[in-house]
file upload39.cif (mmCIF, C-alpha atoms)
data_work
loop_
_atom_site.label_atom_id
_atom_site.label_comp_id
_atom_site.auth_asym_id
_atom_site.auth_seq_id
_atom_site.Cartn_x
_atom_site.Cartn_y
_atom_site.Cartn_z
CA MET E 22 -3.67 -59.96 50.42
CA GLU E 23 -4.38 -56.25 50.48
CA SER E 24 -0.79 -55.51 51.56
CA ASP E 25 0.55 -57.62 48.71
CA ILE E 26 -1.62 -55.72 46.23
CA ASN E 27 -0.42 -52.38 47.60
CA VAL E 28 3.21 -53.41 47.32
CA GLN E 29 2.70 -54.43 43.71
CA GLU E 30 0.99 -51.13 42.91
CA VAL E 31 3.82 -49.16 44.53
CA SER E 32 6.46 -51.12 42.62
CA ILE E 33 4.58 -50.54 39.34
CA ASN E 34 4.36 -46.79 40.07
CA VAL E 35 8.08 -46.63 40.90
CA ASP E 36 9.01 -48.44 37.70
CA HIS E 37 6.79 -46.11 35.69
CA THR E 38 8.32 -43.05 37.36
CA LEU E 39 11.87 -44.26 36.71
CA GLN E 40 11.04 -44.93 33.08
CA LEU E 41 9.66 -41.40 32.63
CA LEU E 42 12.73 -39.98 34.36
CA LEU E 43 15.12 -41.87 32.09
CA GLU E 44 13.22 -40.76 28.98
CA THR E 45 13.41 -37.14 30.16
CA MET E 46 17.14 -37.37 30.84
CA SER E 47 17.76 -38.92 27.43
CA ASN E 48 16.30 -35.82 25.79
CA GLU E 49 18.36 -33.40 27.87
CA PRO E 50 21.89 -32.25 26.94
CA ASP E 51 24.74 -33.84 28.79
CA VAL E 52 26.03 -31.95 31.80
CA VAL E 53 29.57 -31.73 33.02
CA ILE E 54 30.72 -30.30 36.34
CA VAL E 55 33.32 -27.55 35.90
CA GLY E 56 34.66 -25.91 39.00
CA LYS E 57 31.72 -25.29 41.33
CA GLY E 58 28.99 -24.97 38.75
CA LEU E 59 27.22 -26.91 36.06
CA ILE E 60 27.86 -26.15 32.41
CA HIS E 61 25.59 -27.68 29.80
CA HIS E 62 27.40 -29.26 26.92
CA ASP E 63 26.08 -28.40 23.48
CA PHE E 64 25.69 -31.97 22.27
CA GLN E 65 23.74 -33.20 19.29
CA ARG E 66 22.19 -36.64 19.68
CA LEU E 67 22.95 -38.93 16.78
CA GLY E 68 21.77 -42.45 17.48
CA ASN E 69 23.61 -43.63 20.57
CA ASP E 70 26.43 -41.03 20.25
CA SER E 71 26.69 -37.53 21.68
CA ARG E 72 28.55 -35.23 19.30
CA VAL E 73 29.75 -31.74 20.11
CA THR E 74 28.21 -28.87 18.13
CA GLY E 75 29.97 -26.10 20.07
CA PHE E 76 32.92 -25.60 22.38
CA LEU E 77 33.84 -23.83 25.61
CA LEU E 78 37.22 -22.08 25.73
CA GLU E 79 39.38 -21.85 28.82
CA SER E 80 39.75 -18.46 30.52
CA PHE E 81 43.10 -16.97 31.53
CA ALA E 82 42.50 -17.64 35.25
CA GLU E 83 39.81 -18.69 37.71
CA ALA E 84 40.00 -15.64 39.99
CA TRP E 85 38.26 -12.56 38.58
CA GLU E 86 41.01 -10.15 39.70
CA LEU E 87 43.77 -12.17 38.01
CA ARG E 88 41.60 -12.69 34.93
CA LEU E 89 41.04 -8.93 34.67
CA LEU E 90 44.76 -8.20 35.10
CA LEU E 91 45.83 -10.71 32.43
CA SER E 92 43.12 -9.62 30.02
CA MET E 93 44.17 -5.97 30.28
CA LEU E 94 47.84 -6.93 29.91
CA PHE E 95 47.23 -8.98 26.76
CA LEU E 96 44.91 -6.30 25.40
CA LEU E 97 47.63 -3.67 25.84
CA MET E 98 50.14 -5.99 24.17
CA TYR E 99 47.66 -6.48 21.33
CA LEU E 100 47.16 -2.73 20.85
CA ALA E 101 50.93 -2.13 20.98
CA THR E 102 51.45 -4.89 18.41
CA MET E 103 48.83 -3.44 16.08
CA LEU E 104 50.21 0.09 16.42
CA GLY E 105 53.84 -0.91 15.92
CA ASN E 106 53.16 -3.08 12.90
CA LEU E 107 50.79 -0.53 11.39
CA ILE E 108 53.50 2.13 11.65
CA ILE E 109 55.93 -0.17 9.85
CA VAL E 110 53.39 -0.85 7.07
CA ILE E 111 52.65 2.87 6.58
CA VAL E 112 56.26 4.03 6.72
CA THR E 113 57.62 1.34 4.38
CA SER E 114 54.81 2.04 1.93
CA ILE E 115 55.21 5.85 1.84
CA ASP E 116 58.96 6.40 2.07
CA GLN E 117 60.66 5.89 -1.30
CA ASN E 118 64.00 5.12 0.37
CA LEU E 119 62.50 1.98 1.89
CA GLN E 120 61.35 0.38 -1.36
CA THR E 121 63.87 -2.44 -1.11
CA PRO E 122 63.42 -6.23 -0.75
CA MET E 123 64.28 -6.10 2.95
CA TYR E 124 61.48 -3.66 3.76
CA PHE E 125 59.12 -5.36 1.31
CA PHE E 126 59.33 -8.54 3.39
CA LEU E 127 59.26 -6.55 6.63
CA ARG E 128 55.98 -4.99 5.52
CA ASN E 129 54.56 -8.43 4.70
CA LEU E 130 55.72 -9.71 8.09
CA SER E 131 53.97 -6.83 9.86
CA ILE E 132 50.71 -7.49 8.00
CA THR E 133 50.96 -11.17 8.87
CA ASP E 134 51.60 -10.37 12.54
CA MET E 135 48.57 -8.07 12.73
CA CYS E 136 46.32 -10.74 11.24
CA TYR E 137 47.87 -13.52 13.31
CA ILE E 138 47.41 -11.89 16.71
CA SER E 139 43.91 -10.68 15.80
CA VAL E 140 42.69 -14.26 15.36
CA THR E 141 43.09 -15.19 19.03
CA VAL E 142 43.77 -12.32 21.45
CA PRO E 143 40.70 -10.03 21.07
CA ASN E 144 38.24 -12.90 21.33
CA ALA E 145 40.12 -14.41 24.29
CA CYS E 146 40.19 -11.09 26.17
CA VAL E 147 36.48 -10.47 25.60
CA ASN E 148 35.59 -14.01 26.66
CA SER E 149 37.74 -13.77 29.77
CA LEU E 150 36.24 -10.42 30.81
CA THR E 151 32.61 -11.27 30.10
CA GLY E 152 32.73 -14.89 31.23
CA ASN E 153 31.11 -16.01 27.97
CA ARG E 154 33.50 -18.75 26.88
CA ALA E 155 31.30 -20.34 24.22
CA ILE E 156 32.51 -20.57 20.63
CA SER E 157 30.60 -22.07 17.74
CA MET E 158 31.84 -24.90 15.57
CA VAL E 159 32.33 -22.44 12.69
CA GLY E 160 34.28 -20.03 14.90
CA CYS E 161 36.46 -22.85 16.18
CA ALA E 162 37.09 -24.10 12.64
CA THR E 163 38.06 -20.56 11.60
CA GLN E 164 40.69 -20.38 14.33
CA ILE E 165 41.91 -23.88 13.50
CA PHE E 166 42.40 -22.77 9.89
CA LEU E 167 43.87 -19.28 10.45
CA VAL E 168 46.33 -19.94 13.29
CA PRO E 169 48.39 -22.58 11.40
CA TYR E 170 48.04 -20.51 8.22
CA PHE E 171 49.62 -17.38 9.68
CA ILE E 172 52.26 -19.41 11.53
CA TYR E 173 53.18 -21.09 8.25
CA VAL E 174 53.34 -17.79 6.34
CA GLU E 175 55.33 -16.09 9.11
CA ILE E 176 57.93 -18.87 9.24
CA LEU E 177 58.42 -18.71 5.47
CA ILE E 178 58.73 -14.90 5.50
CA LEU E 179 61.29 -15.07 8.32
CA THR E 180 63.22 -17.66 6.30
CA ILE E 181 63.20 -15.44 3.21
CA MET E 182 64.29 -12.47 5.32
CA ALA E 183 67.26 -14.46 6.62
CA ARG E 184 68.11 -15.34 3.03
CA ASP E 185 67.84 -11.65 2.11
CA ARG E 186 70.31 -10.68 4.85
CA TYR E 187 72.69 -13.44 3.78
CA VAL E 188 72.76 -12.28 0.16
CA ALA E 189 73.08 -8.61 1.20
CA ILE E 190 76.08 -9.26 3.46
CA CYS E 191 77.82 -12.23 1.85
CA GLN E 192 77.03 -11.58 -1.85
CA PRO E 193 76.45 -7.81 -2.11
CA LEU E 194 77.35 -7.59 -5.81
CA GLN E 195 74.74 -10.20 -6.76
CA TYR E 196 72.06 -8.80 -4.46
CA PRO E 197 70.10 -6.84 -7.13
CA VAL E 198 70.06 -9.92 -9.38
CA ILE E 199 69.10 -12.52 -6.77
CA MET E 200 66.65 -10.43 -4.70
CA ASN E 201 64.86 -8.78 -7.61
CA HIS E 202 61.26 -7.58 -7.55
CA GLN E 203 59.98 -10.63 -9.39
CA PHE E 204 61.51 -12.98 -6.81
CA CYS E 205 60.02 -10.97 -3.94
CA VAL E 206 56.50 -11.04 -5.38
CA GLN E 207 56.63 -14.69 -6.42
CA SER E 208 58.03 -15.90 -3.10
CA THR E 209 55.34 -13.96 -1.20
CA LEU E 210 52.54 -15.34 -3.37
CA ALA E 211 53.95 -18.85 -3.04
CA SER E 212 53.95 -18.51 0.75
CA LEU E 213 50.36 -17.26 0.85
CA LEU E 214 48.95 -19.83 -1.57
CA SER E 215 50.82 -22.82 -0.20
CA GLY E 216 49.72 -21.75 3.27
CA LEU E 217 46.09 -22.11 2.19
CA LEU E 218 46.71 -25.71 1.14
CA TYR E 219 48.62 -26.42 4.34
CA SER E 220 45.87 -25.07 6.61
CA ALA E 221 43.10 -26.65 4.58
CA ALA E 222 44.73 -30.07 4.97
CA HIS E 223 45.07 -29.68 8.75
CA THR E 224 41.57 -28.23 9.20
CA GLY E 225 39.90 -30.89 7.10
CA ASN E 226 41.82 -33.66 8.81
CA THR E 227 40.83 -32.29 12.23
CA PHE E 228 37.11 -31.78 11.65
CA ARG E 229 36.56 -35.17 10.07
CA LEU E 230 36.88 -36.46 13.65
CA SER E 231 34.03 -36.97 16.08
CA PHE E 232 34.14 -35.01 19.34
CA CYS E 233 32.17 -36.76 22.05
CA HIS E 234 34.38 -36.83 25.16
CA SER E 235 33.83 -33.21 26.14
CA ASN E 236 33.47 -29.76 24.61
CA LEU E 237 35.73 -27.97 27.10
CA VAL E 238 38.82 -26.89 25.14
CA PRO E 239 41.83 -26.65 27.52
CA GLN E 240 43.10 -23.53 25.77
CA PHE E 241 42.06 -19.87 25.34
CA PHE E 242 41.58 -20.46 21.60
CA CYS E 243 40.87 -23.47 19.40
CA ASP E 244 44.03 -25.28 18.37
CA ILE E 245 44.60 -28.70 16.86
CA PRO E 246 46.27 -30.45 19.85
CA SER E 247 43.43 -29.42 22.17
CA LEU E 248 40.76 -30.74 19.83
CA LEU E 249 42.61 -34.02 19.37
CA ARG E 250 42.28 -34.60 23.11
CA LEU E 251 38.50 -34.21 22.85
CA SER E 252 38.10 -36.62 19.95
CA CYS E 253 36.75 -40.12 20.36
CA SER E 254 38.01 -41.08 16.87
CA ASP E 255 41.37 -42.48 15.83
CA THR E 256 43.79 -39.52 15.73
CA PHE E 257 46.87 -41.36 14.46
CA SER E 258 46.74 -39.73 11.01
CA ASN E 259 46.38 -36.29 12.61
CA LYS E 260 49.40 -36.80 14.82
CA LEU E 261 51.38 -38.17 11.87
CA LEU E 262 50.46 -35.14 9.76
CA ASN E 263 51.53 -32.79 12.56
CA LEU E 264 54.84 -34.59 12.93
CA LEU E 265 55.64 -34.71 9.22
CA SER E 266 54.66 -31.09 8.61
CA ALA E 267 56.71 -29.94 11.60
CA MET E 268 59.74 -31.92 10.50
CA PHE E 269 59.54 -30.86 6.88
CA ILE E 270 58.39 -27.23 7.07
CA ALA E 271 59.53 -25.95 10.48
CA GLY E 272 62.65 -28.11 10.48
CA SER E 273 63.77 -27.13 6.98
CA CYS E 274 63.03 -23.43 7.55
CA PHE E 275 64.92 -23.41 10.83
CA THR E 276 67.86 -25.19 9.18
CA LEU E 277 67.95 -22.63 6.35
CA ILE E 278 67.77 -19.75 8.84
CA VAL E 279 70.61 -21.16 10.95
CA MET E 280 72.75 -21.83 7.86
CA SER E 281 72.15 -18.28 6.62
CA TYR E 282 73.19 -16.72 9.92
CA VAL E 283 76.20 -19.00 10.33
CA ARG E 284 77.47 -17.76 6.96
CA ILE E 285 76.59 -14.19 7.91
CA PHE E 286 78.51 -14.45 11.19
CA SER E 287 81.53 -16.00 9.47
CA THR E 288 81.55 -13.10 7.01
CA VAL E 289 80.93 -10.43 9.65
CA LEU E 290 83.83 -11.66 11.76
CA LYS E 291 86.11 -10.77 8.86
CA PHE E 292 85.01 -7.12 8.92
CA PRO E 293 87.96 -4.88 9.92
CA VAL E 294 85.79 -2.34 11.72
CA LYS E 295 84.51 -3.45 15.12
CA GLU E 296 81.41 -1.20 14.99
CA GLU E 297 80.21 -2.89 11.79
CA ARG E 298 80.51 -6.30 13.42
CA GLY E 299 78.53 -5.14 16.45
CA LYS E 300 75.83 -3.65 14.22
CA ALA E 301 75.47 -6.90 12.27
CA PHE E 302 75.32 -9.02 15.42
CA SER E 303 72.76 -6.72 17.08
CA THR E 304 70.52 -7.06 14.01
CA CYS E 305 70.80 -10.82 13.55
CA ILE E 306 70.70 -12.14 17.11
CA PRO E 307 67.22 -10.76 18.00
CA HIS E 308 65.91 -12.28 14.77
CA ILE E 309 67.27 -15.69 15.79
CA VAL E 310 65.76 -15.33 19.27
CA VAL E 311 62.26 -14.59 17.90
CA VAL E 312 62.45 -17.47 15.43
CA SER E 313 63.66 -19.84 18.15
CA VAL E 314 60.85 -18.83 20.53
CA LEU E 315 58.22 -19.22 17.81
CA LEU E 316 59.41 -22.62 16.60
CA SER E 317 60.30 -24.14 19.97
CA SER E 318 57.04 -23.19 21.69
CA GLY E 319 54.98 -24.20 18.66
CA ALA E 320 56.81 -27.53 18.39
CA TYR E 321 56.25 -28.20 22.10
CA VAL E 322 52.49 -27.63 21.80
CA TYR E 323 51.98 -29.53 18.55
CA LEU E 324 54.43 -32.41 18.94
CA ARG E 325 54.42 -33.32 22.62
CA PRO E 326 52.52 -36.47 23.63
CA PRO E 327 48.96 -35.95 24.89
CA LEU E 328 49.80 -36.10 28.58
CA VAL E 329 47.60 -34.62 31.26
CA ASN E 330 49.24 -31.31 32.10
CA LYS E 331 48.05 -28.24 33.92
CA ILE E 332 45.91 -25.99 31.75
CA SER E 333 47.89 -22.97 32.94
CA GLN E 334 51.07 -24.55 31.56
CA ASP E 335 49.49 -25.04 28.13
CA ILE E 336 48.24 -21.45 28.10
CA ILE E 337 51.65 -20.03 29.05
CA VAL E 338 53.43 -21.99 26.32
CA SER E 339 50.80 -20.96 23.75
CA ILE E 340 51.34 -17.30 24.62
CA PHE E 341 54.97 -17.65 23.54
CA TYR E 342 54.00 -18.48 19.96
CA THR E 343 50.75 -16.52 19.58
CA ILE E 344 51.43 -13.20 21.35
CA VAL E 345 55.15 -12.77 21.98
CA PRO E 346 56.56 -12.95 18.38
CA PRO E 347 54.09 -10.43 16.86
CA PHE E 348 54.70 -8.16 19.87
CA LEU E 349 58.50 -8.29 19.60
CA ASN E 350 58.88 -8.02 15.82
CA PRO E 351 58.09 -4.27 15.57
CA MET E 352 60.58 -3.48 18.34
CA ILE E 353 63.29 -5.59 16.75
CA TYR E 354 62.85 -4.32 13.20
CA SER E 355 61.81 -0.70 13.79
CA LEU E 356 63.16 0.66 17.09
CA ARG E 357 66.62 -0.68 16.27
CA ASN E 358 66.54 0.50 12.65
CA LYS E 359 67.77 4.03 11.88
CA GLN E 360 66.14 4.16 8.45
CA ILE E 361 62.75 3.28 9.93
CA LYS E 362 63.19 5.96 12.60
CA GLN E 363 64.13 8.60 10.03
CA ALA E 364 61.18 7.66 7.83
CA MET E 365 58.85 7.89 10.85
CA ARG E 366 60.12 11.40 11.61
CA LYS E 367 59.54 12.43 8.00
CA VAL E 368 55.99 11.14 8.02
CA VAL E 369 55.13 12.75 11.37
CA LEU E 370 56.81 16.09 10.58
CA GLY E 371 55.32 16.11 7.08
CA LYS E 372 51.79 15.76 8.45
CA PHE E 373 52.51 18.37 11.14
CA TYR E 374 53.76 21.00 8.66
CA SER E 375 50.95 20.25 6.21
CA ARG E 376 48.40 21.04 8.94
CA ILE E 377 50.17 24.29 9.77
CA LEU E 378 50.30 25.38 6.15
#
call {"tool": "encode", "arguments": {"input": "upload39.cif", "output": "structure tokens"}}
result
Amino acid sequence: MESDINVQEVSINVDHTLQLLLETMSNEPDVVIVGKGLIHHDFQRLGNDSRVTGFLLESFAEAWELRLLLSMLFLLMYLATMLGNLIIVIVTSIDQNLQTPMYFFLRNLSITDMCYISVTVPNACVNSLTGNRAISMVGCATQIFLVPYFIYVEILILTIMARDRYVAICQPLQYPVIMNHQFCVQSTLASLLSGLLYSAAHTGNTFRLSFCHSNLVPQFFCDIPSLLRLSCSDTFSNKLLNLLSAMFIAGSCFTLIVMSYVRIFSTVLKFPVKEERGKAFSTCIPHIVVVSVLLSSGAYVYLRPPLVNKISQDIIVSIFYTIVPPFLNPMIYSLRNKQIKQAMRKVVLGKFYSRIL
């Protein structure tokens, strides 16, 4: 009898202990194993659901040495991008010989590139160096809004620039009428304002979802495809919006750019002087390459099916549309442009002589 009573008491104590343990665990944040350590997920308990209130971004690499190398490389590319685009903005604003539609749009492109690369690269480099990969919901929403916004504006500016080159080469007599100052200002404002509506639609459609699978973003910045993988809601409308916007905006802009350069090439081939043909081709082909890299890499990230791929592969592809185009644009449009070089010499020599005097 005494043994039976002891067994019952032990079973009651065990049940009580398990109940207390379960209650304690229910009040603790969920934990996910990442690599060799434990990372606490920032979940907010709502009823029976666990909803993410913050995210963890992916670093460039697992090994510290490789992470340091990549962070310094991308930081140098960022500084070179900022310096090159800033020089273009200053030179095209000061020099009176560069107050033309072509350099007006080039200045807008440089400003867009500086803003675009500043949204992702500095934060990613700091996070990768310090190991602090956390980003708040507000910070993630800011990146979700700004990255598509600047991509949208950049694509439209590149399309207008292709149109500008087409009119200048194929319709030189009508160039002052078609590419007048009013058209330049209105087309720029239309790009900026419509971009706000475009990004607002994508951001609102993304953050209406519930994120309860995980808060580990498989990317070094917050982007829409990565967040769709983390959602436990129906993402059909999000994927449909991505597809339609890519087909309509990116597809139509790329078609207009290709049509403009096909007409440019057909006109250039009729030039009697071989040097003029080479100059035109050397100016247009790098532009096409940058546009192709931007659109193809962006389309791959945003339109591919949500398959389980290596995180390193996603990061490499994302670099091609977040870092490479802003880095290459100053070299394409300034180092290969004699007028930009001459204006840079004037600005530098003017400041040098002013200090001497």
call {"tool": "axis_aligned_box", "arguments": {"input": "upload39.cif", "around": "region 127-136 of chain E", "padding_each_side": "3 Å", "output": "AutoDock Vina command-line options"}}
result
--center_x 52.8 --center_y -8.1 --center_z 8.7 --size_x 18.9 --size_y 12.2 --size_z 14.0
call {"tool": "residues_around", "arguments": {"input": "upload39.cif", "residues": "Phe126 (chain E)", "least_positions_apart": "5", "cutoff": "9 Å", "atoms": "all atoms listed in the file", "output": "ChimeraX atom specification"}}
result
/E:121,131,178-179,181-182,205,209
call {"tool": "write_last_selection", "arguments": {"input": "upload39.cif", "atoms": "C-alpha atoms", "output": "PDB file, in the frame of the given file"}}
result
ATOM      1  CA  THR E 121      63.870  -2.440  -1.110  1.00  0.00           C
ATOM      2  CA  SER E 131      53.970  -6.830   9.860  1.00  0.00           C
ATOM      3  CA  ILE E 178      58.730 -14.900   5.500  1.00  0.00           C
ATOM      4  CA  LEU E 179      61.290 -15.070   8.320  1.00  0.00           C
ATOM      5  CA  ILE E 181      63.200 -15.440   3.210  1.00  0.00           C
ATOM      6  CA  MET E 182      64.290 -12.470   5.320  1.00  0.00           C
ATOM      7  CA  CYS E 205      60.020 -10.970  -3.940  1.00  0.00           C
ATOM      8  CA  THR E 209      55.340 -13.960  -1.200  1.00  0.00           C
TER       9      THR E 209
END
call {"tool": "atom_distance", "arguments": {"input": "upload39.cif", "atom1": "CA of Phe348 (chain E)", "atom2": "CA of Val311 (chain E)"}}
result
10.1 Å
call {"tool": "resolve_selection", "arguments": {"input": "upload39.cif", "expression": "the PyMOL selection byres ((chain E and resi 135) around 10)", "output": "JSON list (two decimals) with C-alpha atoms, in the coordinates of the input"}}
result
[["chain", "number", "residue", "atom", "x", "y", "z"],
["E", 99, "TYR", "CA", 47.66, -6.48, 21.33],
["E", 100, "LEU", "CA", 47.16, -2.73, 20.85],
["E", 102, "THR", "CA", 51.45, -4.89, 18.41],
["E", 103, "MET", "CA", 48.83, -3.44, 16.08],
["E", 104, "LEU", "CA", 50.21, 0.09, 16.42],
["E", 105, "GLY", "CA", 53.84, -0.91, 15.92],
["E", 106, "ASN", "CA", 53.16, -3.08, 12.90],
["E", 107, "LEU", "CA", 50.79, -0.53, 11.39],
["E", 130, "LEU", "CA", 55.72, -9.71, 8.09],
["E", 131, "SER", "CA", 53.97, -6.83, 9.86],
["E", 132, "ILE", "CA", 50.71, -7.49, 8.00],
["E", 133, "THR", "CA", 50.96, -11.17, 8.87],
["E", 134, "ASP", "CA", 51.60, -10.37, 12.54],
["E", 136, "CYS", "CA", 46.32, -10.74, 11.24],
["E", 137, "TYR", "CA", 47.87, -13.52, 13.31],
["E", 138, "ILE", "CA", 47.41, -11.89, 16.71],
["E", 139, "SER", "CA", 43.91, -10.68, 15.80],
["E", 140, "VAL", "CA", 42.69, -14.26, 15.36],
["E", 171, "PHE", "CA", 49.62, -17.38, 9.68],
["E", 347, "PRO", "CA", 54.09, -10.43, 16.86],
["E", 348, "PHE", "CA", 54.70, -8.16, 19.87]]
call {"tool": "resolve_selection", "arguments": {"input": "upload39.cif", "expression": "the PyMOL selection byres ((chain E and resi 86-96) around 8)", "output": "ChimeraX atom specification"}}
result
/E:80-85,97-100,142-143,146,149-150
call {"tool": "atom_distance", "arguments": {"input": "upload39.cif", "atom1": "CA of Val289 (chain E)", "atom2": "CA of Asp116 (chain E)"}}
result
28.7 Å
call {"tool": "closest_residue", "arguments": {"input": "upload39.cif", "among": "E:Ala301, E:Val168, E:Ala145, E:Leu262", "to": "Ile336 (chain E)", "atoms": "only C-alpha atoms"}}
result
E:Ala145
call {"tool": "residues_around", "arguments": {"input": "upload39.cif", "residues": "Gln192 (chain E)", "least_positions_apart": "6", "cutoff": "12 Å", "atoms": "only C-alpha atoms", "output": "PyMOL selection string"}}
result
chain E and resi 184-186+198-200+281+284-285+288
call {"tool": "atom_distance", "arguments": {"input": "upload39.cif", "atom1": "CA of Gln120 (chain E)", "atom2": "CA of Ser287 (chain E)"}}
result
28.2 Å
call {"tool": "resolve_selection", "arguments": {"input": "upload39.cif", "expression": "the PyMOL selection byres ((chain E and resi 247) around 10)", "output": "list in words"}}
result
Leu237, Val238, Pro239, Gln240, Phe242, Cys243, Asp244, Ile245, Pro246, Leu248, Leu249, Arg250, Leu251, Ser252, Val322, Tyr323, Pro327 and Asp335 of chain E
call {"tool": "closest_atom_pairs", "arguments": {"input": "upload39.cif", "of": "region 132-164 of chain E", "to": "region 222-233 of chain E", "cutoff": "10 Å", "atoms": "all atoms listed in the file", "output": "CSV"}}
result
residue,atom,partner,partner_atom,distance
E:Met158,CA,E:Phe228,CA,9.5
E:Ala162,CA,E:Thr224,CA,7.0
E:Thr163,CA,E:Thr224,CA,8.8
E:Gln164,CA,E:Thr224,CA,9.4
call {"tool": "closest_residue", "arguments": {"input": "upload39.cif", "among": "E:Val112, E:Leu277, E:Leu167, E:Leu78", "to": "Val368 (chain E)", "atoms": "only C-alpha atoms"}}
result
E:Val112
call {"tool": "closest_residue", "arguments": {"input": "upload39.cif", "among": "E:Ser318, E:Ser220, E:Gln334, E:Thr74", "to": "Cys161 (chain E)", "atoms": "only C-alpha atoms"}}
result
E:Thr74
